[in-house]
Structure formats: structure tokens, C-alpha cells
Amino acid sequence: MIVVAGEALIDLVVTADGQRAVPGGSPANVAVTLARLDQPVRLLARLGPDEYGRQIAEHLAANRVDLQWAVRAPEPTSVAVATLDATGQASYEFRLDGAADWQWTPQELPDLAGSSAIAFHTGSLALALAPGAQALEGLLARERDRDAVTLSIDLNLRPSIVTDRAAEQERVRRQVPLAHVVKASDEDLAWLYPGRSVGDVMADWREAGVSCAVVTRGGEGAWLLAPNGVLHDQPAVRTTVVDTVGAGDSFTGGLLAALADIDALGDRPSDRLAAVTESQWTTVLRQAATVAALTCARRGANPPTQAEVKALLTAPR
């Protein structure tokens, strides 16, 4: 199974037609994407005792996300207010003070040794907000030393919340070498490293020990720097955009699912990723882009099923 850790919150989506409360949070969205792509997935999340927390738990369970390691926390559920503009692009405001998601303690985190985990994914605010971020970073460090599961991070920065660019640069510098797969958006990198090229940042990550560096570029597609130093350029899959909520998360889930399908996740992670062929990387990226496109074509963070992805991938072009 793939283990995902991090926030499971409520997206309060605001449009010209009103607002609606839907379960979200970047790691939770990745977990749902993996489950819909028929990957066994377990979510490490702290779920609040309020109605929003119950709504999130029901949503995850209905999508076959394993909650065996979820913590039933006493703190309230985090809320992200997502306001959509006329093009479907989302801007976010977060209500996080004292919320459940950020209170991880080392005692609440499981030992992955002896489990059936082949990969561990985390990122977004879960790796940025204290005190829980330190606990998750410690888990990443231990697992990197153990070399038994593939470690994945999605930066998914939130400059409106964590505003100290220098501190974020230091955090990312510290955390990136703990992962085998690192994903970011071009918007993440433009804020984090103003004036630096995406290619230079990806090369730095490779020098730091990252096997696979991925940068999504919105409607321009995505770049992937493979372990052998080859840069793969995946165009965006054409679609009619309803909104972009959850698109990056669904890309991440699609990427990890595709890697699992070719047995590229598991023990000796660097060796497994190095063994992926050029044609396999093309297939992996195509699947991730297709999953993201299908998510953009519908309202909210609503990733497609494996059958829907397969139908689009095999449709005549």
C-alpha cells in the first residue's frame, strides 16, 4: 500500500452561485486519487470531532481510503476558503488556528517497518506548520535511513500562510534531500526562488539526492528530471476547465499510481526509480497529466477512476 500523511480539511468553495463545504486538503486529495486509481492507500490524518471532521471521515471511507492510522483528534477541523474566479482558478484563504491537522506528536506516527507500505507521501502545509511538521520530518528522516519505502514530497507552498520566504527556503533545503520523488509547481518555485530558473532548481535537487524531480506548469504541462539526468517534457492534456481545485494533487496521485503499476515503488527506492525506462517515464507522465485533466474538467477536487483514465488514454487522438 501507499501511505499518505497530512491535512484532511474542509474546502469551503465560493462561487458566484454561493458556497459549499467539501472535503479536501492536499494529502487527503492525493489519497482519494490513489484509491480511485485502484491503489491500496492508507491516510495518516488527524480528524476533528466536529461535523466537518465526520464529513471528512465519511468521504474518505466512501472512497476506500484506509483510516486505520488516522487519529481522532480533540481539536477542530481546518477550513480552507477556496474562491473561484470566472476561469475556474482558485485562490485560498485558510482558517487554521488551533486546528487538528498541525498537532502531530511523534507518538501518534506509526512505525512503517513491518507494514505493507511501499511508499510514503506527504507535503503541503503538513510539512510547514509546527509542531506537527517536525514530527513528520523526523519520520521522513528515519525512513530515508531505512531505505525500505519510496519517499515522496509535494511542496505545494502556501505563501499566504507561511510568509517568511527565507525560512521556507531553509525548510525546503532541509526536507528535499529526505525524499526520492519531489514535486512542485512552477508557481511554488517562482515564489520560493525568485530569479532562478526551474531547470537550475531541479538540477540542485538531483545533486541533493532526489531521484525524480517533477515540476507542474499549469496549462503548459509538466517537466520530469529522471534519475539519469534526462528531462522529460509532458504537454498538458487538453480539456475544458471547470476549475483547478485539486488538479495538482490528482497529478501527484496519478504519478504515484503509475509508478506503483510498474513496480517502481518499494525497497531500494533509488535503484527502482533508476530502472524505469524512457518509455515508461513517458507513460507515467501521460497518466499523471490525464488524471489532472479529468479533474479539471469537473467541479472540485473530484479525481477520476481508473476506468475513466484508461478510457481517455486509449481513446483515438
# chains A, B, ... in the order shown; residues from 1 in each chain; ligands from 1
>>> select_by_dssp(residues="segment 8-233 of chain A", states="alpha helix (DSSP H)", output="ChimeraX atom specification")
/A:26-36,51-62,132-146,165-175,186-192,198-207
>>> closest_atom_pairs(of="segment 106-132 of chain A", to="segment 44-54 of chain A", cutoff="12 Å", atoms="only C-alpha atoms", output="JSON lines")
{"residue": "A:Glu108", "atom": "CA", "partner": "A:Leu44", "partner_atom": "CA", "distance": 9.3}
{"residue": "A:Leu109", "atom": "CA", "partner": "A:Leu44", "partner_atom": "CA", "distance": 7.9}
{"residue": "A:Pro110", "atom": "CA", "partner": "A:Leu44", "partner_atom": "CA", "distance": 8.9}
{"residue": "A:Asp111", "atom": "CA", "partner": "A:Leu44", "partner_atom": "CA", "distance": 11.9}
{"residue": "A:Leu112", "atom": "CA", "partner": "A:Leu44", "partner_atom": "CA", "distance": 11.6}
{"residue": "A:Phe120", "atom": "CA", "partner": "A:Leu44", "partner_atom": "CA", "distance": 10.1}
{"residue": "A:His121", "atom": "CA", "partner": "A:Leu44", "partner_atom": "CA", "distance": 10.0}
{"residue": "A:Thr122", "atom": "CA", "partner": "A:Leu44", "partner_atom": "CA", "distance": 9.4}
{"residue": "A:Ala126", "atom": "CA", "partner": "A:Ala45", "partner_atom": "CA", "distance": 9.7}
{"residue": "A:Gly132", "atom": "CA", "partner": "A:Arg46", "partner_atom": "CA", "distance": 10.3}
>>> write_last_selection(atoms="N, CA and C atoms", output="PDB file, in the first residue's frame")
ATOM      1  N   GLU A 108       2.135   9.632  17.858  1.00  0.00           N
ATOM      2  CA  GLU A 108       0.965   9.350  17.022  1.00  0.00           C
ATOM      3  C   GLU A 108       1.336   8.760  15.664  1.00  0.00           C
ATOM      4  N   LEU A 109       2.594   8.819  15.299  1.00  0.00           N
ATOM      5  CA  LEU A 109       3.015   8.351  13.986  1.00  0.00           C
ATOM      6  C   LEU A 109       3.461   6.894  14.058  1.00  0.00           C
ATOM      7  N   PRO A 110       3.045   6.072  13.118  1.00  0.00           N
ATOM      8  CA  PRO A 110       3.349   4.637  13.169  1.00  0.00           C
ATOM      9  C   PRO A 110       4.767   4.328  12.715  1.00  0.00           C
ATOM     10  N   ASP A 111       5.194   3.135  13.037  1.00  0.00           N
ATOM     11  CA  ASP A 111       6.452   2.596  12.519  1.00  0.00           C
ATOM     12  C   ASP A 111       6.115   1.853  11.230  1.00  0.00           C
ATOM     13  N   LEU A 112       6.660   2.328  10.119  1.00  0.00           N
ATOM     14  CA  LEU A 112       6.333   1.698   8.834  1.00  0.00           C
ATOM     15  C   LEU A 112       7.005   0.345   8.650  1.00  0.00           C
ATOM     16  N   PHE A 120       5.696   6.344   0.918  1.00  0.00           N
ATOM     17  CA  PHE A 120       5.176   7.294   1.904  1.00  0.00           C
ATOM     18  C   PHE A 120       5.197   8.669   1.270  1.00  0.00           C
ATOM     19  N   HIS A 121       4.029   9.298   1.191  1.00  0.00           N
ATOM     20  CA  HIS A 121       3.907  10.620   0.577  1.00  0.00           C
ATOM     21  C   HIS A 121       3.377  11.625   1.581  1.00  0.00           C
ATOM     22  N   THR A 122       3.947  12.835   1.557  1.00  0.00           N
ATOM     23  CA  THR A 122       3.445  13.917   2.389  1.00  0.00           C
ATOM     24  C   THR A 122       3.803  15.239   1.715  1.00  0.00           C
ATOM     25  N   ALA A 126       1.331  20.342   5.875  1.00  0.00           N
ATOM     26  CA  ALA A 126       1.703  19.360   6.896  1.00  0.00           C
ATOM     27  C   ALA A 126       3.194  19.375   7.179  1.00  0.00           C
ATOM     28  N   GLY A 132       3.482  19.881  14.230  1.00  0.00           N
ATOM     29  CA  GLY A 132       3.390  18.608  13.533  1.00  0.00           C
ATOM     30  C   GLY A 132       4.421  18.412  12.449  1.00  0.00           C
TER      31      GLY A 132
END
>>> closest_atom_pairs(of="segment 120-218 of chain A", to="segment 223-234 of chain A", cutoff="10 Å", atoms="only C-alpha atoms", output="tab-separated table")
residue	atom	partner	partner_atom	distance
A:His180	CA	A:Pro227	CA	9.8
A:Val181	CA	A:Ala226	CA	9.9
A:Val182	CA	A:Leu224	CA	9.9
A:Lys183	CA	A:Leu224	CA	9.0
A:Ser185	CA	A:Trp223	CA	9.8
A:Asp186	CA	A:Trp223	CA	9.8
A:Val198	CA	A:Trp223	CA	9.4
A:Gly199	CA	A:Leu225	CA	8.9
A:Met202	CA	A:Leu225	CA	7.0
A:Ala203	CA	A:Leu225	CA	8.0
A:Trp205	CA	A:Leu225	CA	9.6
A:Arg206	CA	A:Pro227	CA	7.7
A:Gly209	CA	A:Pro227	CA	9.6
A:Val210	CA	A:Pro227	CA	8.0
A:Ser211	CA	A:Pro227	CA	4.9
A:Cys212	CA	A:Ala226	CA	5.2
A:Ala213	CA	A:Leu225	CA	5.1
A:Val214	CA	A:Leu224	CA	4.4
A:Val215	CA	A:Trp223	CA	5.3
A:Thr216	CA	A:Trp223	CA	6.4
A:Arg217	CA	A:Trp223	CA	7.8
>>> atom_distance(atom1="atom CA of Gly254 of chain A", atom2="atom CA of Ala90 of chain A")
20.9 Å
>>> select_by_dssp(residues="segment 110-214 of chain A", states="strand (DSSP E)", output="list in words")
Ala119, Phe120, His121, Thr122, Gly123, Thr150, Leu151, Ser152, Ile153, Asp154, Val181, Val182, Lys183, Ala184, Ser185, Cys212, Ala213 and Val214 of chain A
>>> write_last_selection(atoms="C-alpha atoms", output="compact mmCIF listing (two decimals), in the first residue's frame")
# COMPACT_ATOMS: atom_id res chain seq x y z
CA ALA A 119 5.74 4.38 -0.45
CA PHE A 120 5.18 7.29 1.90
CA HIS A 121 3.91 10.62 0.58
CA THR A 122 3.45 13.92 2.39
CA GLY A 123 3.81 17.64 1.82
CA THR A 150 9.86 5.26 -1.65
CA LEU A 151 9.52 8.73 -0.12
CA SER A 152 7.58 11.44 -1.94
CA ILE A 153 7.07 15.15 -1.16
CA ASP A 154 4.85 17.73 -2.85
CA VAL A 181 10.47 11.95 -5.51
CA VAL A 182 9.91 15.71 -5.15
CA LYS A 183 7.11 17.56 -6.90
CA ALA A 184 6.41 21.29 -7.04
CA SER A 185 4.59 23.73 -9.28
CA CYS A 212 12.93 12.11 -9.60
CA ALA A 213 12.17 15.86 -9.68
CA VAL A 214 8.81 16.94 -11.11
>>> residues_around(residues="Ala141 of chain A", least_positions_apart="2", cutoff="12 Å", atoms="only C-alpha atoms", output="list in words")
Phe120, Gln134, Ala135, Leu136, Glu137, Gly138, Leu139, Glu143, Arg144, Asp145, Arg146, Asp147, Val149, Leu151, Arg174, Gln175, Val176, Pro177, Leu178, Ala179 and His180 of chain A
>>> write_last_selection(atoms="C-alpha atoms", output="JSON list (two decimals), in the first residue's frame")
[["chain", "number", "residue", "atom", "x", "y", "z"],
["A", 120, "PHE", "CA", 5.18, 7.29, 1.90],
["A", 134, "GLN", "CA", 8.78, 18.44, 12.90],
["A", 135, "ALA", "CA", 7.25, 15.07, 13.72],
["A", 136, "LEU", "CA", 6.61, 14.27, 10.04],
["A", 137, "GLU", "CA", 10.10, 15.44, 9.08],
["A", 138, "GLY", "CA", 11.52, 13.07, 11.68],
["A", 139, "LEU", "CA", 9.54, 10.20, 10.18],
["A", 143, "GLU", "CA", 12.56, 6.16, 6.60],
["A", 144, "ARG", "CA", 15.26, 7.59, 4.35],
["A", 145, "ASP", "CA", 17.85, 5.87, 6.51],
["A", 146, "ARG", "CA", 15.88, 2.61, 6.45],
["A", 147, "ASP", "CA", 15.74, 2.66, 2.63],
["A", 149, "VAL", "CA", 9.96, 2.61, 1.05],
["A", 151, "LEU", "CA", 9.52, 8.73, -0.12],
["A", 174, "ARG", "CA", 16.41, 20.51, 4.70],
["A", 175, "GLN", "CA", 13.46, 18.37, 3.64],
["A", 176, "VAL", "CA", 14.05, 17.85, -0.08],
["A", 177, "PRO", "CA", 17.07, 15.51, 0.38],
["A", 178, "LEU", "CA", 14.89, 13.22, 2.52],
["A", 179, "ALA", "CA", 12.71, 12.31, -0.48],
["A", 180, "HIS", "CA", 13.25, 10.19, -3.58]]
>>> residues_around(residues="segment 26-28 of chain A", least_positions_apart="3", cutoff="6 Å", atoms="only C-alpha atoms", output="number ranges by chain")
A: 6-8, 31, 249
>>> closest_atom_pairs(of="segment 148-247 of chain A", to="segment 72-80 of chain A", cutoff="12 Å", atoms="only C-alpha atoms", output="Markdown table")
| residue | atom | partner | partner_atom | distance |
| --- | --- | --- | --- | --- |
| A:Arg158 | CA | A:Ala80 | CA | 11.4 |
| A:Ser160 | CA | A:Ala80 | CA | 11.8 |
| A:Ile161 | CA | A:Ala80 | CA | 11.1 |
| A:Val245 | CA | A:Ala80 | CA | 11.5 |
>>> write_last_selection(atoms="C-alpha atoms", output="PDB file, in the first residue's frame")
ATOM      1  CA  ARG A 158       1.101  28.474   0.664  1.00  0.00           C
ATOM      2  CA  SER A 160      -0.423  33.498   2.062  1.00  0.00           C
ATOM      3  CA  ILE A 161       0.017  31.431   5.251  1.00  0.00           C
ATOM      4  CA  VAL A 245      -9.258  22.682  -7.386  1.00  0.00           C
TER       5      VAL A 245
END
